[in-house]
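Below is the file input-v3.cif, which contains mmCIF, C-alpha atoms and all ligand atoms.
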data_upload
loop_
_atom_site.group_PDB
_atom_site.id
_atom_site.type_symbol
_atom_site.label_atom_id
_atom_site.label_comp_id
_atom_site.auth_asym_id
_atom_site.auth_seq_id
_atom_site.Cartn_x
_atom_site.Cartn_y
_atom_site.Cartn_z
ATOM 1 C CA MET A 30 -30.865 22.450 164.296
ATOM 2 C CA VAL A 31 -31.037 19.443 166.650
ATOM 3 C CA ARG A 32 -29.790 19.962 170.188
ATOM 4 C CA GLU A 33 -26.697 17.714 169.965
ATOM 5 C CA ARG A 34 -25.537 19.356 166.752
ATOM 6 C CA LYS A 35 -26.085 22.823 168.238
ATOM 7 C CA GLU A 36 -23.966 21.944 171.275
ATOM 8 C CA GLU A 37 -21.199 20.635 169.038
ATOM 9 C CA VAL A 38 -21.170 23.726 166.797
ATOM 10 C CA TYR A 39 -21.256 26.107 169.788
ATOM 11 C CA ARG A 40 -18.351 24.272 171.445
ATOM 12 C CA ARG A 41 -16.284 24.549 168.277
ATOM 13 C CA VAL A 42 -17.115 28.185 167.539
ATOM 14 C CA THR A 43 -16.570 29.180 171.193
ATOM 15 C CA ASP A 44 -13.044 27.716 171.053
ATOM 16 C CA GLU A 45 -12.468 29.488 167.743
ATOM 17 C CA ILE A 46 -13.621 32.846 169.153
ATOM 18 C CA ARG A 47 -11.516 32.413 172.308
ATOM 19 C CA ALA A 48 -8.415 31.606 170.243
ATOM 20 C CA THR A 49 -8.977 34.427 167.732
ATOM 21 C CA LEU A 50 -9.484 37.041 170.483
ATOM 22 C CA GLU A 51 -6.400 35.918 172.441
ATOM 23 C CA GLY A 52 -4.424 39.072 173.256
ATOM 24 C CA GLU A 53 -6.900 41.417 171.525
ATOM 25 C CA ARG A 54 -7.848 44.465 173.628
ATOM 26 C CA ASP A 55 -10.122 46.372 171.246
ATOM 27 C CA LEU A 56 -13.867 46.114 171.933
ATOM 28 C CA ILE A 57 -15.215 46.908 168.462
ATOM 29 C CA SER A 58 -12.791 44.553 166.697
ATOM 30 C CA SER A 59 -13.689 41.811 169.159
ATOM 31 C CA MET A 60 -17.426 42.374 168.566
ATOM 32 C CA ALA A 61 -16.870 42.225 164.790
ATOM 33 C CA THR A 62 -14.964 38.948 165.168
ATOM 34 C CA ILE A 63 -17.676 37.386 167.341
ATOM 35 C CA ALA A 64 -20.489 38.483 164.987
ATOM 36 C CA CYS A 65 -18.660 37.070 161.966
ATOM 37 C CA LEU A 66 -17.709 33.711 163.489
ATOM 38 C CA LEU A 67 -21.165 33.107 164.996
ATOM 39 C CA HIS A 68 -23.046 34.171 161.877
ATOM 40 C CA HIS A 69 -21.093 31.857 159.593
ATOM 41 C CA SER A 70 -21.147 28.879 161.973
ATOM 42 C CA LEU A 71 -24.847 28.587 162.874
ATOM 43 C CA ASP A 72 -27.040 28.219 159.807
ATOM 44 C CA TYR A 73 -30.261 29.443 161.494
ATOM 45 C CA PHE A 74 -28.693 32.837 162.318
ATOM 46 C CA PHE A 75 -30.198 35.367 159.908
ATOM 47 C CA TRP A 76 -28.949 38.557 161.595
ATOM 48 C CA THR A 77 -26.141 38.555 164.149
ATOM 49 C CA GLY A 78 -24.730 41.624 165.805
ATOM 50 C CA PHE A 79 -24.267 44.113 168.572
ATOM 51 C CA TYR A 80 -26.082 47.245 169.646
ATOM 52 C CA ARG A 81 -23.914 49.430 171.909
ATOM 53 C CA VAL A 82 -24.988 51.677 174.752
ATOM 54 C CA VAL A 83 -23.458 54.995 173.719
ATOM 55 C CA THR A 84 -26.034 57.322 175.294
ATOM 56 C CA PRO A 85 -27.956 56.488 178.496
ATOM 57 C CA GLY A 86 -31.171 54.674 177.597
ATOM 58 C CA GLU A 87 -30.302 54.260 173.947
ATOM 59 C CA LEU A 88 -28.681 51.588 171.771
ATOM 60 C CA LEU A 89 -26.691 52.301 168.618
ATOM 61 C CA ILE A 90 -25.887 49.750 165.921
ATOM 62 C CA GLY A 91 -22.474 48.117 166.263
ATOM 63 C CA PRO A 92 -20.641 45.398 164.322
ATOM 64 C CA TYR A 93 -23.055 42.988 162.641
ATOM 65 C CA GLN A 94 -23.609 40.476 159.853
ATOM 66 C CA GLY A 95 -26.835 40.235 157.867
ATOM 67 C CA THR A 96 -29.265 42.627 156.256
ATOM 68 C CA LEU A 97 -29.526 46.319 157.165
ATOM 69 C CA GLY A 98 -30.182 46.856 160.884
ATOM 70 C CA CYS A 99 -31.970 49.864 162.417
ATOM 71 C CA LEU A 100 -29.434 52.395 163.697
ATOM 72 C CA HIS A 101 -30.939 53.635 166.990
ATOM 73 C CA ILE A 102 -33.104 51.689 169.434
ATOM 74 C CA SER A 103 -34.398 53.264 172.636
ATOM 75 C CA PHE A 104 -34.485 51.075 175.783
ATOM 76 C CA ASP A 105 -38.296 51.286 175.729
ATOM 77 C CA ARG A 106 -38.541 49.738 172.249
ATOM 78 C CA GLY A 107 -38.224 46.258 170.830
ATOM 79 C CA VAL A 108 -36.653 43.108 172.171
ATOM 80 C CA CYS A 109 -33.205 44.721 172.231
ATOM 81 C CA GLY A 110 -34.467 47.638 174.286
ATOM 82 C CA ALA A 111 -36.268 45.313 176.712
ATOM 83 C CA ALA A 112 -33.168 43.117 177.224
ATOM 84 C CA ALA A 113 -31.015 46.213 177.758
ATOM 85 C CA GLY A 114 -33.511 47.751 180.197
ATOM 86 C CA ARG A 115 -33.887 44.536 182.222
ATOM 87 C CA GLY A 116 -30.215 43.546 181.942
ATOM 88 C CA GLU A 117 -31.202 39.972 181.149
ATOM 89 C CA THR A 118 -31.429 37.628 178.182
ATOM 90 C CA ILE A 119 -34.746 37.510 176.326
ATOM 91 C CA ILE A 120 -35.759 34.679 173.985
ATOM 92 C CA VAL A 121 -38.703 35.423 171.683
ATOM 93 C CA PRO A 122 -40.079 32.365 169.798
ATOM 94 C CA ASP A 123 -42.370 34.510 167.609
ATOM 95 C CA VAL A 124 -41.444 38.178 167.200
ATOM 96 C CA HIS A 125 -44.953 39.016 165.974
ATOM 97 C CA GLN A 126 -46.237 38.228 169.479
ATOM 98 C CA PHE A 127 -43.755 40.579 171.180
ATOM 99 C CA PRO A 128 -45.291 44.015 171.832
ATOM 100 C CA GLY A 129 -43.156 46.748 170.282
ATOM 101 C CA HIS A 130 -40.957 44.418 168.255
ATOM 102 C CA ILE A 131 -38.970 46.396 165.696
ATOM 103 C CA ALA A 132 -39.099 44.757 162.277
ATOM 104 C CA CYS A 133 -35.793 45.842 160.729
ATOM 105 C CA ASP A 134 -36.242 42.971 158.269
ATOM 106 C CA PRO A 135 -39.621 41.241 157.750
ATOM 107 C CA SER A 136 -37.837 37.877 157.385
ATOM 108 C CA SER A 137 -37.048 37.856 161.100
ATOM 109 C CA LYS A 138 -39.327 35.368 162.938
ATOM 110 C CA SER A 139 -37.652 34.666 166.285
ATOM 111 C CA GLU A 140 -34.791 36.132 168.247
ATOM 112 C CA ILE A 141 -32.532 36.070 171.281
ATOM 113 C CA VAL A 142 -30.992 39.153 172.856
ATOM 114 C CA VAL A 143 -28.168 38.813 175.398
ATOM 115 C CA PRO A 144 -26.881 41.741 177.501
ATOM 116 C CA VAL A 145 -23.143 42.458 177.452
ATOM 117 C CA PHE A 146 -21.407 43.746 180.607
ATOM 118 C CA ASN A 147 -17.886 45.058 181.160
ATOM 119 C CA ASP A 148 -15.653 44.096 184.081
ATOM 120 C CA ARG A 149 -17.274 46.826 186.211
ATOM 121 C CA ASP A 150 -20.627 45.081 185.574
ATOM 122 C CA GLU A 151 -21.889 48.037 183.521
ATOM 123 C CA LEU A 152 -24.164 47.273 180.573
ATOM 124 C CA ILE A 153 -22.179 48.200 177.448
ATOM 125 C CA ALA A 154 -24.155 46.483 174.670
ATOM 126 C CA VAL A 155 -26.542 43.727 173.687
ATOM 127 C CA LEU A 156 -25.900 40.813 171.341
ATOM 128 C CA ASP A 157 -28.948 40.408 169.070
ATOM 129 C CA VAL A 158 -29.473 37.283 166.977
ATOM 130 C CA ASP A 159 -32.491 36.951 164.697
ATOM 131 C CA SER A 160 -33.646 33.864 162.813
ATOM 132 C CA ALA A 161 -35.861 33.516 159.752
ATOM 133 C CA GLU A 162 -37.378 30.432 161.480
ATOM 134 C CA TYR A 163 -39.901 30.486 164.325
ATOM 135 C CA ASP A 164 -38.749 29.184 167.713
ATOM 136 C CA ALA A 165 -35.105 28.895 166.673
ATOM 137 C CA PHE A 166 -33.525 29.705 170.059
ATOM 138 C CA ASP A 167 -33.485 27.764 173.321
ATOM 139 C CA GLU A 168 -31.496 27.314 176.528
ATOM 140 C CA VAL A 169 -28.517 25.953 174.563
ATOM 141 C CA ASP A 170 -28.235 29.252 172.664
ATOM 142 C CA ARG A 171 -28.691 31.219 175.884
ATOM 143 C CA ARG A 172 -25.961 29.337 177.771
ATOM 144 C CA HIS A 173 -23.378 29.546 174.986
ATOM 145 C CA LEU A 174 -24.089 33.132 173.914
ATOM 146 C CA GLU A 175 -23.990 34.298 177.549
ATOM 147 C CA GLU A 176 -20.563 32.648 177.850
ATOM 148 C CA ILE A 177 -19.295 34.150 174.574
ATOM 149 C CA VAL A 178 -20.191 37.737 175.551
ATOM 150 C CA THR A 179 -18.110 37.403 178.740
ATOM 151 C CA PHE A 180 -15.058 37.413 176.418
ATOM 152 C CA LEU A 181 -15.807 41.142 175.942
ATOM 153 C CA ARG A 182 -15.622 42.035 179.655
ATOM 154 C CA ASP A 183 -12.029 43.293 179.639
ATOM 155 C CA LYS A 184 -12.023 44.912 176.153
ATOM 156 C CA ARG A 185 -11.891 48.689 175.759
HETATM 157 N N1 LIG A 201 -35.454 42.816 166.298
HETATM 158 C C1 LIG A 201 -34.924 43.836 167.101
HETATM 159 C C2 LIG A 201 -34.497 45.037 166.292
HETATM 160 C C3 LIG A 201 -33.138 44.908 165.762
HETATM 161 S S1 LIG A 201 -33.044 44.115 164.340
HETATM 162 O O1 LIG A 201 -33.933 43.074 164.094
HETATM 163 C C4 LIG A 201 -31.589 43.954 163.712
HETATM 164 C C5 LIG A 201 -35.809 44.286 168.243
HETATM 165 O O2 LIG A 201 -37.042 44.248 168.192
HETATM 166 O O3 LIG A 201 -35.222 44.672 169.223
#

Mind converting the file's structure to structure tokens?
Ligand code: SME
Amino acid sequence: MVRERKEEVYRRVTDEIRATLEGERDLISSMATIACLLHHSLDYFFWTGFYRVVTPGELLIGPYQGTLGCLHISFDRGVCGAAAGRGETIIVPDVHQFPGHIACDPSSKSEIVVPVFNDRDELIAVLDVDSAEYDAFDEVDRRHLEEIVTFLRDKR
């Protein structure tokens, strides 16, 4: 998707997410809403969803859209684990070049993983988006997705 179009779609979907979550306190419902609205707005999103930190050092599948996702991911595995361990966004243009990448679906070619923090700055989850195209994610995705996950800071 060309940069200008991406910006436009992100601006629209961000407003839509903000409006839909207005007054909502529940974390899981808010994650489900974000995954759904993002997945159906950006046509290069093949898998869109959250992995939650429910045990120290381990991620568990949360609300998502797309094909079947792996259930448990340890912090020392895959792109999701690396982003959770470092507490920072990771963009991978070609997942086959990422050591330890977990191929939940062989169609996945590139991905972005964004950490999610609560209002005590504790890591509570990661937002994982996979694309069936190589090099699908850039700084535009990073900026907007990092903004969108801040909507989850005060949810419980
Ligand atoms: N690609 C991820 C695994 C999760 S799924 O693709 C849904 C990773 O390597 O962290």

Throw together the list of residues within 6 Å of ligand LIG 201 (chain A), counting all atoms listed in the file, and drop it here as a ChimeraX atom specification.
/A:98,107-110,130-133

For this file, the PyMOL selection byres (((chain A and resi 79) around 9) and not hetatm) selects which residues, as JSON, numbers by chain?
{"A": [60, 61, 64, 77, 78, 80, 81, 89, 90, 91, 92, 93, 154, 155, 156, 157, 158]}

Given all atoms listed in the file as the counted atoms, nearest of A:Asp134, A:Glu51, A:Ala165, A:Val121 to Cys99 in chain A
A:Asp134

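Using all atoms listed in the file for every distance, the candidate list A:Leu67, A:Val42, A:Val124, A:Ile57 yields A:Val124 as the residue closest to Asp164 in chain A.
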
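Remark: for Leu174 in chain A, the closest of the candidate residues A:Pro144, A:Pro122, A:Gly129, A:Gly95 is A:Pro144 (distances computed over only C-alpha atoms).
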
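Distance check against Asp183 in chain A using all atoms listed in the file: of A:Ile153, A:Met30, A:Val169, A:Ala111, the minimum falls on A:Ile153.
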
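Residue nearest Asp44 in chain A within the list A:Ser58, A:Thr118, A:His69, A:Ile63: A:Ile63 [criterion: smallest interatomic distance, only C-alpha atoms].
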
Neighbours of Leu71 in chain A within 12 Å (all atoms listed in the file; same-chain residues fewer than 3 positions away dropped), as a PyMOL selection string?
chain A and resi 30-31+34-43+64-68+74-77+158-160+165-166+170+174

With 8 Å of padding per side, what axis-aligned box (centre and edge lengths, Å, one decimal) covers all the listed atoms of range 142-160 of chain A? Give it as JSON.
{"center_x": -24.6, "center_y": 41.0, "center_z": 174.5, "size_x": 34.0, "size_y": 30.3, "size_z": 39.4}

Show me, as a list in words, the residues that have an atom within 8 Å of Arg54 in chain A when counting only C-alpha atoms, minus same-chain residues fewer than 3 positions from it.
Ser59, Asp183, Lys184 and Arg185 of chain A

What does the file look like for those residues with C-alpha atoms, as a PDB file, in the frame of the given file?
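Generated output (result37.pdb):
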ATOM      1  CA  SER A  59     -13.689  41.811 169.159  1.00  0.00           C
ATOM      2  CA  ASP A 183     -12.029  43.293 179.639  1.00  0.00           C
ATOM      3  CA  LYS A 184     -12.023  44.912 176.153  1.00  0.00           C
ATOM      4  CA  ARG A 185     -11.891  48.689 175.759  1.00  0.00           C
TER       5      ARG A 185
END

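Note that CA of Ile119 in chain A and CA of Ile141 in chain A are 5.7 Å apart.
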
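Counting all atoms listed in the file, the residue from A:Glu162, A:Lys138, A:Val145, A:Glu151 that sits nearest to Glu176 in chain A is A:Val145.
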
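The interatomic distance for the pair CA of Leu100 in chain A and CA of Leu152 in chain A works out to 18.4 Å.
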
Point-to-point distance from CA of Asp150 in chain A to CA of Pro128 in chain A, Å rounded to tenths
28.3 Å

Pull range 32-178 of chain A out of the block and emit C-alpha atoms, as a short mmCIF file (atom, residue, chain, number, x, y, z; two decimals), in the first residue's frame.
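Produced file out_14.cif, reproduced below:
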data_model
loop_
_atom_site.label_atom_id
_atom_site.label_comp_id
_atom_site.auth_asym_id
_atom_site.auth_seq_id
_atom_site.Cartn_x
_atom_site.Cartn_y
_atom_site.Cartn_z
CA ARG A 32 2.51 5.64 1.98
CA GLU A 33 -0.17 8.34 1.53
CA ARG A 34 -2.96 5.77 1.38
CA LYS A 35 -1.59 4.00 4.47
CA GLU A 36 -1.57 7.27 6.43
CA GLU A 37 -5.14 7.99 5.38
CA VAL A 38 -6.42 4.52 6.34
CA TYR A 39 -4.57 4.58 9.69
CA ARG A 40 -6.00 8.02 10.52
CA ARG A 41 -9.52 6.81 9.79
CA VAL A 42 -9.22 3.49 11.63
CA THR A 43 -7.52 5.17 14.62
CA ASP A 44 -10.50 7.54 14.96
CA GLU A 45 -12.86 4.59 14.60
CA ILE A 46 -11.05 2.61 17.32
CA ARG A 47 -10.94 5.62 19.66
CA ALA A 48 -14.68 6.23 19.21
CA THR A 49 -15.64 2.55 19.58
CA LEU A 50 -13.59 2.14 22.79
CA GLU A 51 -14.98 5.33 24.36
CA GLY A 52 -16.06 4.41 27.90
CA GLU A 53 -15.02 0.75 27.57
CA ARG A 54 -12.98 -0.53 30.54
CA ASP A 55 -12.48 -4.19 29.62
CA LEU A 56 -9.04 -5.13 28.27
CA ILE A 57 -9.95 -8.28 26.33
CA SER A 58 -12.98 -6.68 24.65
CA SER A 59 -10.86 -3.68 23.71
CA MET A 60 -8.15 -5.95 22.22
CA ALA A 61 -10.80 -7.84 20.22
CA THR A 62 -12.18 -4.55 18.88
CA ILE A 63 -8.74 -3.28 17.86
CA ALA A 64 -7.80 -6.58 16.16
CA CYS A 65 -11.06 -6.62 14.21
CA LEU A 66 -11.00 -2.99 13.06
CA LEU A 67 -7.33 -3.09 12.04
CA HIS A 68 -7.59 -6.43 10.26
CA HIS A 69 -10.54 -5.37 8.13
CA SER A 70 -9.16 -1.91 7.32
CA LEU A 71 -5.63 -2.68 6.08
CA ASP A 72 -5.63 -5.12 3.19
CA TYR A 73 -2.01 -6.29 3.67
CA PHE A 74 -2.76 -7.54 7.21
CA PHE A 75 -2.90 -11.34 7.04
CA TRP A 76 -2.88 -12.07 10.79
CA THR A 77 -3.69 -9.42 13.39
CA GLY A 78 -3.83 -10.02 17.10
CA PHE A 79 -2.56 -9.94 20.63
CA TYR A 80 -0.41 -12.24 22.72
CA ARG A 81 -0.83 -11.55 26.46
CA VAL A 82 1.73 -11.89 29.22
CA VAL A 83 -0.06 -14.19 31.65
CA THR A 84 2.99 -15.94 33.13
CA PRO A 85 6.40 -14.25 33.53
CA GLY A 86 8.46 -14.82 30.40
CA GLU A 87 5.63 -16.33 28.41
CA LEU A 88 3.01 -15.08 25.95
CA LEU A 89 -0.43 -16.62 25.51
CA ILE A 90 -2.69 -16.10 22.50
CA GLY A 91 -5.30 -13.37 22.94
CA PRO A 92 -7.96 -11.86 20.66
CA TYR A 93 -7.01 -12.15 16.99
CA GLN A 94 -8.21 -12.26 13.40
CA GLY A 95 -6.74 -14.57 10.77
CA THR A 96 -5.67 -18.18 10.57
CA LEU A 97 -4.87 -20.33 13.61
CA GLY A 98 -2.17 -18.79 15.81
CA CYS A 99 0.22 -20.72 18.09
CA LEU A 100 -1.06 -20.70 21.67
CA HIS A 101 2.10 -20.24 23.78
CA ILE A 102 5.25 -18.32 22.87
CA SER A 103 8.19 -18.07 25.26
CA PHE A 104 10.05 -14.72 25.43
CA ASP A 105 13.13 -16.45 23.97
CA ARG A 106 11.28 -17.52 20.80
CA GLY A 107 10.15 -15.79 17.65
CA VAL A 108 9.60 -12.16 16.80
CA CYS A 109 6.85 -11.85 19.42
CA GLY A 110 9.12 -13.19 22.14
CA ALA A 111 11.96 -10.87 21.09
CA ALA A 112 9.70 -7.78 21.10
CA ALA A 113 8.30 -8.75 24.50
CA GLY A 114 11.77 -9.41 25.94
CA ARG A 115 13.21 -6.12 24.62
CA GLY A 116 10.04 -4.10 25.28
CA GLU A 117 10.33 -2.47 21.87
CA THR A 118 8.76 -2.67 18.43
CA ILE A 119 10.38 -5.03 15.93
CA ILE A 120 9.80 -4.84 12.16
CA VAL A 121 10.87 -7.91 10.18
CA PRO A 122 10.85 -7.44 6.36
CA ASP A 123 11.47 -11.16 5.71
CA VAL A 124 10.54 -13.59 8.49
CA HIS A 125 12.69 -16.32 6.94
CA GLN A 126 15.76 -14.23 7.82
CA PHE A 127 14.76 -13.87 11.49
CA PRO A 128 16.45 -16.51 13.67
CA GLY A 129 13.85 -18.46 15.64
CA HIS A 130 10.85 -17.13 13.75
CA ILE A 131 7.77 -19.21 14.55
CA ALA A 132 5.87 -20.13 11.40
CA CYS A 133 2.29 -20.45 12.67
CA ASP A 134 1.19 -20.07 9.05
CA PRO A 135 3.61 -20.55 6.12
CA SER A 136 1.89 -17.68 4.25
CA SER A 137 3.41 -15.16 6.65
CA LYS A 138 6.29 -13.27 4.96
CA SER A 139 6.86 -10.13 7.04
CA GLU A 140 5.70 -8.84 10.38
CA ILE A 141 5.62 -6.09 12.98
CA VAL A 142 5.33 -6.69 16.71
CA VAL A 143 4.50 -3.81 19.06
CA PRO A 144 4.72 -4.09 22.88
CA VAL A 145 1.66 -3.10 24.91
CA PHE A 146 2.10 -1.44 28.33
CA ASN A 147 -0.42 -0.60 31.04
CA ASP A 148 -0.56 2.70 32.92
CA ARG A 149 2.04 1.38 35.40
CA ASP A 150 4.37 0.86 32.40
CA GLU A 151 4.25 -2.92 32.84
CA LEU A 152 4.38 -5.05 29.69
CA ILE A 153 0.96 -6.73 29.42
CA ALA A 154 0.93 -7.97 25.80
CA VAL A 155 2.26 -7.59 22.29
CA LEU A 156 0.33 -6.67 19.15
CA ASP A 157 1.49 -8.96 16.32
CA VAL A 158 0.65 -8.22 12.69
CA ASP A 159 1.78 -10.56 9.92
CA SER A 160 1.58 -9.98 6.17
CA ALA A 161 1.59 -12.44 3.28
CA GLU A 162 3.79 -9.88 1.42
CA TYR A 163 7.49 -9.28 2.01
CA ASP A 164 8.50 -5.90 3.47
CA ALA A 165 4.93 -4.83 4.19
CA PHE A 166 5.62 -2.76 7.33
CA ASP A 167 7.46 0.53 7.79
CA GLU A 168 7.69 3.54 10.10
CA VAL A 169 4.11 4.55 9.26
CA ASP A 170 2.82 1.24 10.66
CA ARG A 171 5.10 1.57 13.69
CA ARG A 172 3.94 5.11 14.54
CA HIS A 173 0.22 4.37 14.19
CA LEU A 174 0.23 0.95 15.86
CA GLU A 175 2.28 2.31 18.78
CA GLU A 176 -0.36 5.04 19.19
CA ILE A 177 -3.27 2.58 18.95
CA VAL A 178 -1.92 0.28 21.69
#
